[in-house]
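Engineer: You'll find my_file24.cif just under this line, and it carries mmCIF, C-alpha atoms.
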data_run
#
loop_
_atom_site.label_atom_id
_atom_site.label_comp_id
_atom_site.auth_asym_id
_atom_site.auth_seq_id
_atom_site.Cartn_x
_atom_site.Cartn_y
_atom_site.Cartn_z
CA MET A 1 -70.27 301.81 146.96
CA LYS A 2 -67.00 303.46 145.96
CA SER A 3 -66.06 303.07 142.29
CA ASP A 4 -62.65 301.93 141.10
CA PRO A 5 -60.82 305.05 139.83
CA GLN A 6 -59.33 303.14 136.88
CA VAL A 7 -62.81 302.04 135.82
CA LEU A 8 -64.12 305.62 136.20
CA VAL A 9 -61.38 307.03 133.96
CA ALA A 10 -61.92 304.26 131.39
CA ARG A 11 -65.68 304.95 131.41
CA TYR A 12 -65.03 308.70 131.01
CA PHE A 13 -63.10 308.06 127.81
CA GLY A 14 -65.24 305.19 126.53
CA GLU A 15 -68.76 306.28 127.38
CA LEU A 16 -68.57 310.07 127.56
CA LEU A 17 -65.83 311.14 125.13
CA ASN A 18 -66.00 308.41 122.48
CA ALA A 19 -69.62 307.23 122.59
CA ARG A 20 -71.05 310.56 123.88
CA ASP A 21 -73.44 308.46 125.98
CA PHE A 22 -74.43 310.58 128.96
CA SER A 23 -77.23 308.25 130.08
CA ARG A 24 -75.18 307.07 133.07
CA ALA A 25 -73.00 310.15 133.55
CA GLY A 26 -74.28 310.37 137.14
CA GLU A 27 -72.39 307.15 137.89
CA ILE A 28 -69.16 308.70 136.58
CA LEU A 29 -69.39 312.42 137.39
CA THR A 30 -70.32 314.24 140.61
CA PRO A 31 -73.42 316.49 140.45
CA ASP A 32 -71.14 319.56 140.65
CA PHE A 33 -68.70 318.27 138.01
CA VAL A 34 -66.64 320.91 136.15
CA PHE A 35 -64.57 320.52 132.97
CA PHE A 36 -61.76 322.98 132.25
CA GLY A 37 -59.96 323.02 128.90
CA PRO A 38 -57.88 325.30 126.68
CA THR A 39 -61.02 326.71 125.05
CA GLU A 40 -63.09 326.60 128.26
CA PRO A 41 -60.95 328.10 131.07
CA ALA A 42 -64.00 329.29 133.05
CA GLY A 43 -65.22 325.69 133.23
CA LEU A 44 -68.29 323.79 132.07
CA ASP A 45 -70.84 321.90 134.15
CA GLN A 46 -72.17 318.50 132.99
CA GLN A 47 -74.66 320.05 130.58
CA GLY A 48 -72.06 322.43 129.13
CA PHE A 49 -69.55 319.60 128.85
CA GLU A 50 -72.04 317.47 126.93
CA ALA A 51 -72.73 320.42 124.57
CA PHE A 52 -68.95 320.88 124.13
CA LEU A 53 -68.62 317.22 123.08
CA VAL A 54 -71.55 317.55 120.67
CA GLY A 55 -69.78 320.53 119.05
CA LEU A 56 -66.53 318.58 118.85
CA GLN A 57 -68.37 315.68 117.22
CA LYS A 58 -69.90 318.03 114.62
CA GLY A 59 -66.42 319.14 113.59
CA PHE A 60 -64.83 315.68 113.74
CA SER A 61 -67.55 313.04 113.24
CA ASP A 62 -65.14 310.12 113.60
CA LYS A 63 -63.11 311.59 116.47
CA HIS A 64 -61.70 309.05 118.87
CA PHE A 65 -59.79 309.35 122.12
CA THR A 66 -57.20 306.69 122.98
CA GLU A 67 -55.48 306.59 126.34
CA VAL A 68 -51.72 306.24 126.02
CA GLU A 69 -50.70 306.36 129.67
CA ARG A 70 -52.38 306.67 133.06
CA LEU A 71 -50.85 307.67 136.41
CA SER A 72 -52.33 308.15 139.86
CA LEU A 73 -51.56 310.07 143.01
CA GLY A 74 -54.22 309.51 145.64
CA ASP A 75 -57.47 311.10 144.48
CA ARG A 76 -55.84 312.58 141.37
CA TRP A 77 -55.39 310.66 138.16
CA VAL A 78 -53.62 311.77 135.01
CA SER A 79 -54.21 310.34 131.56
CA ARG A 80 -52.17 311.12 128.47
CA PHE A 81 -54.28 310.60 125.35
CA ARG A 82 -54.41 310.96 121.60
CA MET A 83 -57.40 312.42 119.80
CA THR A 84 -57.69 311.39 116.16
CA GLY A 85 -60.36 312.21 113.62
CA THR A 86 -61.29 313.82 110.34
CA HIS A 87 -62.20 317.50 110.20
CA ASP A 88 -65.41 316.93 108.23
CA GLY A 89 -67.64 319.61 109.78
CA SER A 90 -67.44 323.13 111.14
CA PHE A 91 -65.28 323.49 114.25
CA ARG A 92 -65.44 326.83 116.07
CA GLY A 93 -66.42 328.55 112.83
CA ILE A 94 -63.66 326.87 110.81
CA PRO A 95 -65.22 325.09 107.78
CA ALA A 96 -64.52 321.40 107.15
CA SER A 97 -61.13 320.73 105.55
CA GLY A 98 -61.39 316.96 105.16
CA ARG A 99 -57.99 316.62 106.82
CA ARG A 100 -57.07 313.92 109.33
CA THR A 101 -55.98 315.06 112.78
CA ASP A 102 -53.85 313.45 115.45
CA VAL A 103 -53.25 315.49 118.61
CA GLU A 104 -51.88 314.49 122.01
CA GLY A 105 -53.26 315.79 125.25
CA CYS A 106 -53.45 315.20 128.96
CA ASP A 107 -56.36 315.14 131.39
CA ILE A 108 -56.01 315.58 135.15
CA PHE A 109 -58.91 314.00 137.02
CA TYR A 110 -59.90 315.09 140.53
CA LEU A 111 -61.95 312.38 142.25
CA ARG A 112 -64.39 312.77 145.12
CA SER A 113 -66.83 310.31 146.67
CA GLY A 114 -66.09 307.64 144.08
CA ARG A 115 -66.75 309.86 141.05
CA ILE A 116 -64.97 312.43 138.90
CA ALA A 117 -65.46 315.94 140.30
CA ARG A 118 -63.23 317.89 137.92
CA VAL A 119 -61.27 317.40 134.75
CA ARG A 120 -58.56 319.77 133.68
CA ALA A 121 -57.75 319.06 130.01
CA TYR A 122 -54.61 320.14 128.17
CA PHE A 123 -53.97 319.62 124.48
CA ASP A 124 -52.09 321.28 121.67
CA LEU A 125 -54.79 323.50 120.18
CA LEU A 126 -52.32 325.17 117.83
CA ALA A 127 -51.26 321.78 116.39
CA LEU A 128 -54.93 320.87 115.85
CA LEU A 129 -55.63 324.16 114.07
CA LEU A 130 -52.56 323.83 111.86
CA GLN A 131 -53.49 320.23 110.98
CA ILE A 132 -56.89 321.38 109.71
CA GLY A 133 -55.29 324.20 107.72
CA ALA A 134 -56.49 327.04 109.92
CA SER A 135 -54.55 330.15 110.81
CA PRO A 136 -53.32 330.53 114.37
CA PRO A 137 -56.34 331.24 116.57
CA SER A 138 -57.69 334.63 117.42
CA SER A 139 -59.45 335.63 120.60
CA SER A 140 -62.72 336.01 118.63
CA GLN A 141 -62.67 332.29 117.71
CA PHE A 142 -62.07 331.26 121.32
CA PRO A 143 -63.60 333.94 123.59
CA GLY A 144 -62.59 333.65 127.23
CA SER A 145 -59.80 331.18 126.47
CA SER A 146 -56.15 331.47 127.40
CA ILE A 147 -55.64 332.67 123.81
CA SER A 148 -57.40 335.89 124.78
CA GLY A 149 -55.25 336.29 127.89
CA SER A 150 -57.89 335.13 130.38
CA SER A 151 -56.58 333.91 133.72
CA SER A 152 -57.56 330.60 135.26
CA ALA A 153 -56.32 331.40 138.79
CA ALA A 154 -59.81 331.02 140.30
CA SER A 155 -60.31 327.59 138.76
CA GLU A 156 -56.86 326.48 139.93
CA ALA A 157 -57.78 327.56 143.47
CA SER A 158 -60.89 325.38 143.24
CA ASP A 159 -58.69 322.40 142.35
CA SER A 160 -56.68 322.95 145.50
CA ALA A 161 -59.89 322.94 147.52
CA LEU A 162 -60.55 319.37 146.32
CA SER A 163 -57.34 318.12 147.95
#
Please render this file's structure as structure tokens.
Structural biologist:
Amino acid sequence: MKSDPQVLVARYFGELLNARDFSRAGEILTPDFVFFGPTEPAGLDQQGFEAFLVGLQKGFSDKHFTEVERLSLGDRWVSRFRMTGTHDGSFRGIPASGRRTDVEGCDIFYLRSGRIARVRAYFDLLALLLQIGASPPSSSQFPGSSISGSSSAASEASDSALS
């Protein structure tokens, strides 16, 4: 049975990002799911993505994602979101500041066989770091990221293969 893309995207935000409940991730994500983000340009599989979210939760225990807008084009969906939270734990080696954060971002979802196959996430990492009182990032804080000059051409080619 093919899932409704709008329901899949809502479940991604509600169950995976906000509740961090991966018990039914197989209903939402394909077995070969990959997440790409500003700090993860090489991509993360389901297990790596879950670990990424656990790390995010440790840095921002009350973090919450809210969808602002959603658009679709065939098997691709785009969601503009806001991530809010309090920096009350270590995030990428940056000690807790106690500051509130509010950052906008955008996720591009690539759907296949009624599930999410890939997510390409974009958000203003510099704004987040400045909000928590951190200096602009260095490549040692975010190894392999676009901050260190890494290219994501191979991952972009894989997105084209999904079309």
Engineer: Rounded to one decimal place, report the CA of Phe65 in chain A-CA of Ala51 in chain A distance in Å.
Structural biologist: 17.2 Å
Engineer: Can you tell me, as a list in words, what residues are no more than 9 Å from Arg20 in chain A when counting all atoms listed in the file, ignoring any on the same chain fewer than 5 positions away?
Structural biologist: Gly14, Glu15, Glu50, Leu53, Val54 and Gln57 of chain A
Engineer: Once you have the residues from the selection above, write them out as a PDB file, keeping the file's coordinate frame, restricted to C-alpha atoms.
Structural biologist:
ATOM      1  CA  GLY A  14     -65.240 305.190 126.530  1.00  0.00           C
ATOM      2  CA  GLU A  15     -68.760 306.280 127.380  1.00  0.00           C
ATOM      3  CA  GLU A  50     -72.040 317.470 126.930  1.00  0.00           C
ATOM      4  CA  LEU A  53     -68.620 317.220 123.080  1.00  0.00           C
ATOM      5  CA  VAL A  54     -71.550 317.550 120.670  1.00  0.00           C
ATOM      6  CA  GLN A  57     -68.370 315.680 117.220  1.00  0.00           C
TER       7      GLN A  57
END
Engineer: Please expand the PyMOL selection byres ((chain A and resi 29) around 12) into the concrete residues it hits in this file, giving the result as number ranges by chain.
Structural biologist: A: 3, 5, 8-9, 11-12, 15-16, 22-28, 30-35, 45-47, 49-50, 109-119
Engineer: If you keep C-alpha atoms, can you produce a file of those selected residues as a short mmCIF file (atom, residue, chain, number, x, y, z; two decimals), keeping the file's coordinate frame?
Structural biologist:
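And here's result_7.cif as it stands now:
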data_model
loop_
_atom_site.label_atom_id
_atom_site.label_comp_id
_atom_site.auth_asym_id
_atom_site.auth_seq_id
_atom_site.Cartn_x
_atom_site.Cartn_y
_atom_site.Cartn_z
CA SER A 3 -66.06 303.07 142.29
CA PRO A 5 -60.82 305.05 139.83
CA LEU A 8 -64.12 305.62 136.20
CA VAL A 9 -61.38 307.03 133.96
CA ARG A 11 -65.68 304.95 131.41
CA TYR A 12 -65.03 308.70 131.01
CA GLU A 15 -68.76 306.28 127.38
CA LEU A 16 -68.57 310.07 127.56
CA PHE A 22 -74.43 310.58 128.96
CA SER A 23 -77.23 308.25 130.08
CA ARG A 24 -75.18 307.07 133.07
CA ALA A 25 -73.00 310.15 133.55
CA GLY A 26 -74.28 310.37 137.14
CA GLU A 27 -72.39 307.15 137.89
CA ILE A 28 -69.16 308.70 136.58
CA THR A 30 -70.32 314.24 140.61
CA PRO A 31 -73.42 316.49 140.45
CA ASP A 32 -71.14 319.56 140.65
CA PHE A 33 -68.70 318.27 138.01
CA VAL A 34 -66.64 320.91 136.15
CA PHE A 35 -64.57 320.52 132.97
CA ASP A 45 -70.84 321.90 134.15
CA GLN A 46 -72.17 318.50 132.99
CA GLN A 47 -74.66 320.05 130.58
CA PHE A 49 -69.55 319.60 128.85
CA GLU A 50 -72.04 317.47 126.93
CA PHE A 109 -58.91 314.00 137.02
CA TYR A 110 -59.90 315.09 140.53
CA LEU A 111 -61.95 312.38 142.25
CA ARG A 112 -64.39 312.77 145.12
CA SER A 113 -66.83 310.31 146.67
CA GLY A 114 -66.09 307.64 144.08
CA ARG A 115 -66.75 309.86 141.05
CA ILE A 116 -64.97 312.43 138.90
CA ALA A 117 -65.46 315.94 140.30
CA ARG A 118 -63.23 317.89 137.92
CA VAL A 119 -61.27 317.40 134.75
#
Engineer: Counting only C-alpha atoms, which residues come within 10 Å of (-62.9, 325.8, 108.9), with the point read in the file's coordinates, and could you list them as a PyMOL selection string?
Structural biologist: chain A and resi 59+87-98+129+132-135
Engineer: At a cut-off of 10 Å, using only C-alpha atoms, what residues contact His64 in chain A? Leave out same-chain residues fewer than 5 positions from it and give the result as number ranges by chain.
Structural biologist: A: 13-14, 17-19, 57, 81-86, 102
Engineer: With all atoms listed in the file as the atoms that count, which of A:Glu67, A:Arg100, A:Gly48, A:Ile108 lies nearest to Leu128 in chain A?
Structural biologist: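 Distance minimum relative to Leu128 in chain A lands on A:Arg100.
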Engineer: Interatomic distance between CA of Ser61 in chain A and CA of Val7 in chain A?
Structural biologist: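 These atoms are spaced 25.6 Å apart.
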Engineer: Find the distance between CA of Cys106 in chain A and CA of Arg120 in chain A and write it in Å to one decimal.
Structural biologist: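 Between CA of Cys106 in chain A and CA of Arg120 in chain A the gap is 8.3 Å.
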Engineer: Apply the PyMOL selection byres ((chain A and resi 123) around 8) to the displayed file and report the matching residues as a list in words.
Structural biologist: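 So the PyMOL selection byres ((chain A and resi 123) around 8) ends up selecting Pro38, Val103, Glu104, Gly105, Cys106, Ala121, Tyr122, Asp124 and Leu125 of chain A.
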